[in-house]
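Okay, structure-v2.cif now, which holds mmCIF, C-alpha atoms and all ligand atoms:
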data_upload
loop_
_atom_site.label_atom_id
_atom_site.label_comp_id
_atom_site.auth_asym_id
_atom_site.auth_seq_id
_atom_site.Cartn_x
_atom_site.Cartn_y
_atom_site.Cartn_z
CA MET A 162 4.48 -2.37 -49.65
CA ASP A 163 6.32 0.92 -50.08
CA CYS A 164 6.67 0.17 -53.79
CA VAL A 165 2.94 -0.65 -54.11
CA ILE A 166 1.88 2.51 -52.25
CA LYS A 167 4.24 4.83 -54.16
CA THR A 168 3.30 3.26 -57.52
CA TYR A 169 -0.39 3.78 -56.81
CA ARG A 170 0.10 7.34 -55.54
CA ARG A 171 2.26 8.44 -58.50
CA GLU A 172 0.81 6.46 -61.36
CA SER A 173 -2.71 5.41 -60.18
CA VAL A 174 -3.80 1.80 -60.69
CA LEU A 175 -2.63 2.05 -64.33
CA GLY A 176 0.93 2.06 -63.02
CA PHE A 177 0.58 -1.65 -62.17
CA PHE A 178 -0.15 -2.51 -65.79
CA LYS A 179 2.80 -0.75 -67.42
CA GLY A 180 4.62 -2.66 -70.10
CA MET A 181 1.87 -5.31 -70.16
CA SER A 182 0.73 -5.32 -73.80
CA PHE A 183 3.97 -6.74 -75.23
CA PRO A 184 4.38 -9.60 -72.70
CA ILE A 185 0.70 -10.56 -73.18
CA GLY A 186 1.29 -10.71 -76.93
CA SER A 187 4.59 -12.56 -76.60
CA VAL A 188 3.90 -14.94 -73.70
CA ALA A 189 1.87 -17.31 -75.90
CA MET A 190 4.68 -17.49 -78.46
CA VAL A 191 7.42 -17.77 -75.80
CA ASN A 192 5.58 -20.55 -73.93
CA SER A 193 4.90 -22.33 -77.22
CA VAL A 194 8.64 -22.30 -78.00
CA LEU A 195 9.44 -23.31 -74.39
CA PHE A 196 7.10 -26.30 -74.12
CA GLY A 197 7.48 -27.32 -77.76
CA THR A 198 11.29 -27.35 -77.54
CA TYR A 199 11.12 -29.22 -74.21
CA SER A 200 8.76 -31.92 -75.49
CA ASN A 201 10.65 -32.44 -78.74
CA SER A 202 14.08 -32.43 -77.02
CA LEU A 203 12.83 -35.05 -74.55
CA LEU A 204 11.42 -37.10 -77.45
CA LEU A 205 14.84 -36.95 -79.18
CA LEU A 206 16.79 -37.75 -76.01
CA SER A 207 14.60 -40.57 -74.67
CA SER A 208 12.97 -41.58 -78.00
CA THR A 209 9.66 -42.13 -76.19
CA SER A 210 6.38 -40.28 -76.84
CA PRO A 211 4.59 -38.43 -74.00
CA GLN A 212 2.14 -41.35 -73.70
CA GLU A 213 4.92 -43.98 -73.56
CA ARG A 214 6.80 -41.81 -71.04
CA LYS A 215 3.91 -41.98 -68.57
CA ALA A 216 4.16 -45.77 -68.41
CA GLN A 217 7.95 -45.95 -68.06
CA PRO A 218 10.30 -44.73 -65.29
CA LEU A 219 11.44 -41.26 -66.34
CA ASN A 220 15.11 -40.43 -66.98
CA TYR A 221 15.43 -37.22 -64.91
CA GLY A 222 18.76 -36.42 -66.52
CA TYR A 223 17.04 -36.21 -69.89
CA VAL A 224 14.28 -34.05 -68.37
CA PHE A 225 16.86 -31.57 -67.01
CA VAL A 226 18.81 -31.44 -70.30
CA ALA A 227 15.64 -31.05 -72.39
CA GLY A 228 14.39 -28.30 -70.05
CA SER A 229 17.75 -26.49 -70.23
CA ILE A 230 17.76 -26.64 -74.04
CA ALA A 231 14.22 -25.21 -74.01
CA GLY A 232 15.28 -22.49 -71.57
CA PHE A 233 18.20 -21.49 -73.81
CA VAL A 234 16.06 -21.31 -76.97
CA GLN A 235 13.11 -19.44 -75.41
CA ALA A 236 15.45 -16.88 -73.77
CA TYR A 237 16.46 -15.56 -77.20
CA CYS A 238 12.79 -15.33 -78.29
CA LEU A 239 11.93 -13.59 -75.02
CA ALA A 240 14.85 -11.10 -74.92
CA PRO A 241 13.44 -8.19 -77.01
CA PHE A 242 9.96 -8.43 -75.45
CA ASP A 243 11.42 -8.63 -71.93
CA LEU A 244 13.68 -5.62 -72.58
CA ILE A 245 10.73 -3.47 -73.70
CA LYS A 246 8.66 -4.64 -70.70
CA VAL A 247 11.45 -3.72 -68.24
CA ARG A 248 12.08 -0.33 -69.88
CA LEU A 249 8.36 0.58 -69.77
CA GLN A 250 7.90 -0.71 -66.21
CA ASN A 251 10.79 1.42 -65.01
CA GLN A 252 9.31 4.63 -66.40
CA THR A 253 8.02 5.94 -63.10
CA GLU A 254 6.98 9.37 -64.39
CA PRO A 255 3.18 9.69 -64.10
CA ARG A 256 1.37 9.70 -67.44
CA THR A 257 1.11 13.05 -69.23
CA ARG A 258 0.50 15.78 -66.66
CA PRO A 259 0.81 19.53 -67.34
CA GLY A 260 4.29 20.79 -66.50
CA VAL A 261 5.73 17.27 -65.99
CA ALA A 262 8.26 15.95 -68.54
CA PRO A 263 6.51 13.17 -70.51
CA PRO A 264 7.93 9.62 -70.11
CA GLN A 265 10.73 8.78 -72.57
CA TYR A 266 8.75 6.02 -74.31
CA ARG A 267 5.16 6.57 -75.40
CA GLY A 268 4.48 2.81 -75.61
CA PRO A 269 6.01 -0.56 -76.60
CA LEU A 270 6.32 0.17 -80.33
CA HIS A 271 7.80 3.63 -79.72
CA CYS A 272 10.17 2.01 -77.21
CA ALA A 273 11.27 -0.60 -79.77
CA ARG A 274 11.77 2.07 -82.46
CA SER A 275 13.78 4.32 -80.08
CA ILE A 276 16.04 1.45 -79.02
CA ILE A 277 16.72 0.50 -82.66
CA GLN A 278 17.41 4.13 -83.62
CA GLU A 279 19.70 4.79 -80.63
CA GLU A 280 21.41 1.42 -80.22
CA GLY A 281 20.78 -0.41 -83.52
CA PRO A 282 18.86 -3.70 -83.84
CA ARG A 283 21.33 -5.38 -81.47
CA GLY A 284 20.09 -2.95 -78.81
CA LEU A 285 16.90 -5.03 -78.60
CA PHE A 286 19.02 -7.89 -77.23
CA ARG A 287 20.56 -5.89 -74.36
CA GLY A 288 20.64 -8.17 -71.31
CA ALA A 289 20.04 -11.27 -73.49
CA TRP A 290 23.12 -13.03 -72.11
CA ALA A 291 21.89 -12.51 -68.55
CA LEU A 292 18.48 -13.86 -69.64
CA VAL A 293 20.13 -16.95 -71.17
CA LEU A 294 22.18 -17.51 -68.00
CA ARG A 295 19.02 -17.04 -65.92
CA ASP A 296 16.76 -19.32 -67.92
CA THR A 297 18.96 -22.20 -69.12
CA PRO A 298 19.62 -23.94 -65.76
CA THR A 299 16.44 -22.73 -64.05
CA LEU A 300 14.18 -24.12 -66.77
CA GLY A 301 15.92 -27.46 -66.51
CA LEU A 302 15.01 -27.32 -62.82
CA TYR A 303 11.49 -26.07 -63.72
CA PHE A 304 10.62 -29.16 -65.74
CA LEU A 305 12.54 -31.49 -63.40
CA THR A 306 10.50 -30.23 -60.43
CA TYR A 307 7.25 -30.60 -62.35
CA GLU A 308 7.95 -34.12 -63.66
CA GLY A 309 9.36 -35.32 -60.33
CA LEU A 310 6.54 -33.90 -58.20
CA SER A 311 3.76 -35.01 -60.54
CA ARG A 312 5.10 -38.58 -60.52
CA TRP A 313 5.56 -38.53 -56.77
CA LEU A 314 1.94 -37.38 -56.35
CA THR A 315 0.52 -39.91 -58.87
CA SER A 316 0.20 -43.63 -58.17
CA ASP A 317 2.10 -45.85 -60.61
CA SER A 318 1.11 -46.12 -64.28
CA LYS A 319 -1.76 -43.65 -63.79
CA GLU A 320 -2.10 -40.26 -65.50
CA PRO A 321 -1.60 -37.22 -63.19
CA GLY A 322 -4.92 -35.67 -62.16
CA SER A 323 -5.76 -31.96 -62.46
CA ALA A 324 -4.93 -31.23 -58.81
CA THR A 325 -1.51 -32.86 -59.29
CA MET A 326 -0.84 -30.72 -62.37
CA LEU A 327 -1.74 -27.54 -60.48
CA VAL A 328 0.32 -28.34 -57.36
CA ALA A 329 3.36 -29.68 -59.24
CA GLY A 330 3.22 -26.75 -61.69
CA GLY A 331 2.93 -24.21 -58.88
CA PHE A 332 5.93 -25.59 -57.00
CA ALA A 333 7.92 -25.83 -60.25
CA GLY A 334 7.31 -22.10 -60.69
CA ILE A 335 8.38 -21.24 -57.13
CA MET A 336 11.44 -23.50 -57.21
CA SER A 337 12.65 -22.13 -60.57
CA TRP A 338 12.06 -18.46 -59.67
CA THR A 339 13.88 -18.88 -56.33
CA ILE A 340 16.97 -19.99 -58.24
CA ALA A 341 16.40 -17.49 -61.05
CA THR A 342 15.90 -14.35 -58.92
CA PRO A 343 19.59 -13.37 -58.49
CA MET A 344 20.21 -13.47 -62.25
CA ASP A 345 16.83 -11.84 -62.81
CA VAL A 346 17.98 -8.82 -60.77
CA VAL A 347 21.21 -8.62 -62.81
CA LYS A 348 19.29 -9.06 -66.08
CA SER A 349 16.93 -6.17 -65.30
CA ARG A 350 19.84 -3.90 -64.32
CA MET A 351 21.68 -4.73 -67.55
CA GLN A 352 18.51 -3.96 -69.53
CA MET A 353 18.13 -0.59 -67.83
CA ASP A 354 21.82 0.21 -68.30
CA GLY A 355 21.57 1.32 -71.91
CA LEU A 356 19.28 4.24 -71.04
CA LYS A 357 21.51 6.99 -69.75
CA ARG A 358 25.24 6.87 -68.89
CA ARG A 359 26.43 3.27 -69.11
CA LYS A 360 26.90 2.21 -65.47
CA TYR A 361 28.23 -1.33 -65.94
CA ARG A 362 31.13 -2.50 -68.09
CA GLY A 363 29.46 -5.88 -68.46
CA LEU A 364 27.56 -8.64 -66.67
CA LEU A 365 30.30 -9.48 -64.16
CA ASP A 366 30.85 -5.79 -63.33
CA CYS A 367 27.09 -5.48 -62.72
CA VAL A 368 27.16 -8.43 -60.28
CA ILE A 369 30.26 -7.21 -58.41
CA SER A 370 29.26 -3.54 -58.15
CA SER A 371 25.67 -4.40 -57.12
CA ALA A 372 26.95 -6.69 -54.33
CA ARG A 373 29.59 -4.16 -53.25
CA GLN A 374 27.19 -1.18 -53.15
CA GLU A 375 24.03 -2.88 -51.83
CA GLY A 376 25.18 -6.11 -50.17
CA PRO A 377 24.43 -9.70 -51.29
CA GLY A 378 20.76 -9.29 -50.30
CA VAL A 379 20.29 -7.23 -53.46
CA PHE A 380 20.12 -10.46 -55.50
CA PHE A 381 16.97 -11.63 -53.74
CA ARG A 382 14.96 -8.45 -54.17
CA GLY A 383 11.42 -9.24 -55.31
CA LEU A 384 11.71 -12.98 -54.55
CA THR A 385 8.66 -13.04 -52.24
CA LEU A 386 6.44 -11.21 -54.70
CA ASN A 387 7.82 -13.26 -57.59
CA SER A 388 7.09 -16.53 -55.76
CA ALA A 389 3.55 -15.39 -54.84
CA ARG A 390 2.78 -14.85 -58.53
CA ALA A 391 4.85 -17.82 -59.77
CA PHE A 392 2.64 -20.42 -58.05
CA PRO A 393 -0.71 -19.62 -59.76
CA VAL A 394 0.87 -18.62 -63.10
CA ASN A 395 2.78 -21.89 -63.49
CA ALA A 396 0.04 -24.05 -61.96
CA VAL A 397 -2.29 -22.86 -64.73
CA THR A 398 0.47 -23.13 -67.34
CA PHE A 399 1.12 -26.83 -66.69
CA PHE A 400 -2.59 -27.58 -66.20
CA SER A 401 -3.36 -26.08 -69.62
CA TYR A 402 -0.33 -27.75 -71.26
CA GLU A 403 -1.20 -31.26 -70.01
CA HIS A 404 -4.90 -31.04 -70.90
CA LEU A 405 -4.25 -29.47 -74.29
CA LEU A 406 -1.64 -32.15 -75.06
CA ARG A 407 -4.16 -34.90 -74.19
CA PHE A 408 -6.92 -33.18 -76.12
CA LEU A 409 -4.76 -32.60 -79.24
CA SER A 410 -2.92 -35.92 -79.38
C1 LIG B 1 12.43 -19.09 -63.54
N1 LIG B 1 11.96 -18.85 -64.86
C2 LIG B 1 12.62 -17.86 -65.68
C3 LIG B 1 10.87 -19.57 -65.33
N2 LIG B 1 10.36 -20.38 -64.64
N3 LIG B 1 10.48 -19.34 -66.59
C4 LIG B 1 9.49 -20.24 -67.21
C5 LIG B 1 8.10 -19.97 -66.78
C6 LIG B 1 7.85 -18.55 -66.66
C7 LIG B 1 6.40 -18.28 -66.41
N4 LIG B 1 5.76 -17.86 -67.67
C8 LIG B 1 6.29 -17.23 -65.33
O1 LIG B 1 6.08 -16.08 -65.68
O2 LIG B 1 6.50 -17.58 -64.17
#
Show me the file's structure as structure tokens.
Ligand SMILES: CN(C)C(=N)NCCC[C@H](N)C(=O)O
Amino acid sequence: MDCVIKTYRRESVLGFFKGMSFPIGSVAMVNSVLFGTYSNSLLLLSSTSPQERKAQPLNYGYVFVAGSIAGFVQAYCLAPFDLIKVRLQNQTEPRTRPGVAPPQYRGPLHCARSIIQEEGPRGLFRGAWALVLRDTPTLGLYFLTYEGLSRWLTSDSKEPGSATMLVAGGFAGIMSWTIATPMDVVKSRMQMDGLKRRKYRGLLDCVISSARQEGPGVFFRGLTLNSARAFPVNAVTFFSYEHLLRFLS
């Protein structure tokens, strides 16, 4: 609540939409890579089409592996967009006010250009390893939770209904973000590290010094808020995916 109040006071309601334009533009592409890689990996592993899969018992090991492959691939697509989002969200200076130093980045494109000028193109992938470590196992769990729950909620050899897609998708989001939050905290700190004096010597140093200075609870910061948003976001994501897949195939 303190964060919400201070954000509103210092940055008005616009403060809650900082760093939004790039994720909006990239989330379609990132989700396309995520779900496309998952579906095609599962097709390769189990050599059954989505329709055939519904009628047969599902190999959950294949689901987890296909989801993890998808998580690994989408993390690299996501890395530059996520870095720019985090850098813009952490600019807490109010927008241009007389006498107040303007924020370092004027917007996502200026942020991308500054990072490339200061840190080279590789600078856009700062924190990418932490993102890969965050997303690879948790996206395996994401799809495993969805497939397991939607089958559990659907009577045999029937297609999951819309309510099932929404509930299973919502819980898949919460389950995956609960596991992902500790690495998400580390990822965001690594992404902010390139700004001023380098604080961490690497990913492990970031984990150890964060735990030492702020206690192990630091790795669960934002979990409640993240879970509250993860349910609706992922309920709609799976609902749209399933219906679009039926409509298009
Ligand atoms: C735990 N993680 C990283 C995920 N579940 N990622 C995949 C879905 C992310 C979704 N667009 C969202 O913003 O929740």
Open item on the list: Taking 6 positions as the minimum chain separation for residues in the same chain, which residues sit within 7 Å of region 244-251 of chain A when counting only C-alpha atoms? Answer as a PyMOL selection string.
Closed with: chain A and resi 179-181+183-184+269+272-273+285+349+352-353
Proximity of chain A to ligand LIG 1 (chain B): per-residue shortest pair, 10 Å limit, only C-alpha atoms and all ligand atoms, as a tab-separated table:
residue	atom	partner	partner_atom	distance
A:Pro184	CA	B:LIG1	O1	9.7
A:Val188	CA	B:LIG1	N4	7.0
A:Ala189	CA	B:LIG1	N4	9.1
A:Val191	CA	B:LIG1	N4	8.3
A:Asn192	CA	B:LIG1	N4	6.8
A:Leu195	CA	B:LIG1	C4	7.8
A:Phe196	CA	B:LIG1	C4	9.5
A:Gly228	CA	B:LIG1	C4	9.9
A:Ala231	CA	B:LIG1	C4	9.7
A:Gly232	CA	B:LIG1	C4	7.6
A:Gln235	CA	B:LIG1	C4	9.0
A:Ala236	CA	B:LIG1	C2	8.6
A:Leu292	CA	B:LIG1	C2	8.1
A:Val293	CA	B:LIG1	C2	9.3
A:Leu294	CA	B:LIG1	C2	9.8
A:Arg295	CA	B:LIG1	C2	6.5
A:Asp296	CA	B:LIG1	C2	4.9
A:Thr297	CA	B:LIG1	C2	8.4
A:Pro298	CA	B:LIG1	C1	9.0
A:Thr299	CA	B:LIG1	C1	5.4
A:Leu300	CA	B:LIG1	N2	5.8
A:Gly301	CA	B:LIG1	N2	9.2
A:Leu302	CA	B:LIG1	N2	8.5
A:Tyr303	CA	B:LIG1	N2	5.9
A:Phe304	CA	B:LIG1	N2	8.9
A:Gly330	CA	B:LIG1	C5	9.8
A:Gly331	CA	B:LIG1	O2	9.2
A:Ala333	CA	B:LIG1	N2	7.4
A:Gly334	CA	B:LIG1	N2	5.3
A:Ile335	CA	B:LIG1	N2	7.8
A:Met336	CA	B:LIG1	C1	7.8
A:Ser337	CA	B:LIG1	C1	4.3
A:Trp338	CA	B:LIG1	C1	3.9
A:Thr339	CA	B:LIG1	C1	7.4
A:Ile340	CA	B:LIG1	C1	7.0
A:Ala341	CA	B:LIG1	C1	5.0
A:Thr342	CA	B:LIG1	C1	7.5
A:Met344	CA	B:LIG1	C2	9.4
A:Asp345	CA	B:LIG1	C2	7.9
A:Asn387	CA	B:LIG1	O2	8.0
A:Ser388	CA	B:LIG1	O2	8.5
A:Arg390	CA	B:LIG1	O2	7.3
A:Ala391	CA	B:LIG1	O2	4.7
A:Phe392	CA	B:LIG1	O2	7.8
A:Pro393	CA	B:LIG1	O2	8.7
A:Val394	CA	B:LIG1	O2	5.8
A:Asn395	CA	B:LIG1	O2	5.7
A:Ala396	CA	B:LIG1	O2	9.4
A:Val397	CA	B:LIG1	N4	9.9
A:Thr398	CA	B:LIG1	N4	7.5
A:Phe399	CA	B:LIG1	C5	9.8
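Closest approach to Val165 (chain A) among A:Leu409, A:Ile230, A:Leu386, A:Ile369: A:Leu386, based on all atoms listed in the file.
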Open item on the list: Please compute the CA of Gly376 (chain A)-CA of Met351 (chain A) distance, one decimal, in Å.
Closed with: 17.8 Å
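Considering the residues A:Leu239, A:Ala227, A:Ile277, A:Met162 and counting only C-alpha atoms, Ser193 (chain A) has its shortest atom-to-atom contact with A:Leu239.
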Open item on the list: Could you tell me how far CA of Leu405 (chain A) sits from CA of Ile185 (chain A), in Å to one decimal place?
Closed with: 19.6 Å
Task: Which of A:Lys319, A:Arg274, A:Arg312, A:Arg170 sits closest to Thr253 (chain A) [using all atoms listed in the file] - done: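 Residue with the minimum atom-to-atom distance to Thr253 (chain A): A:Arg170.
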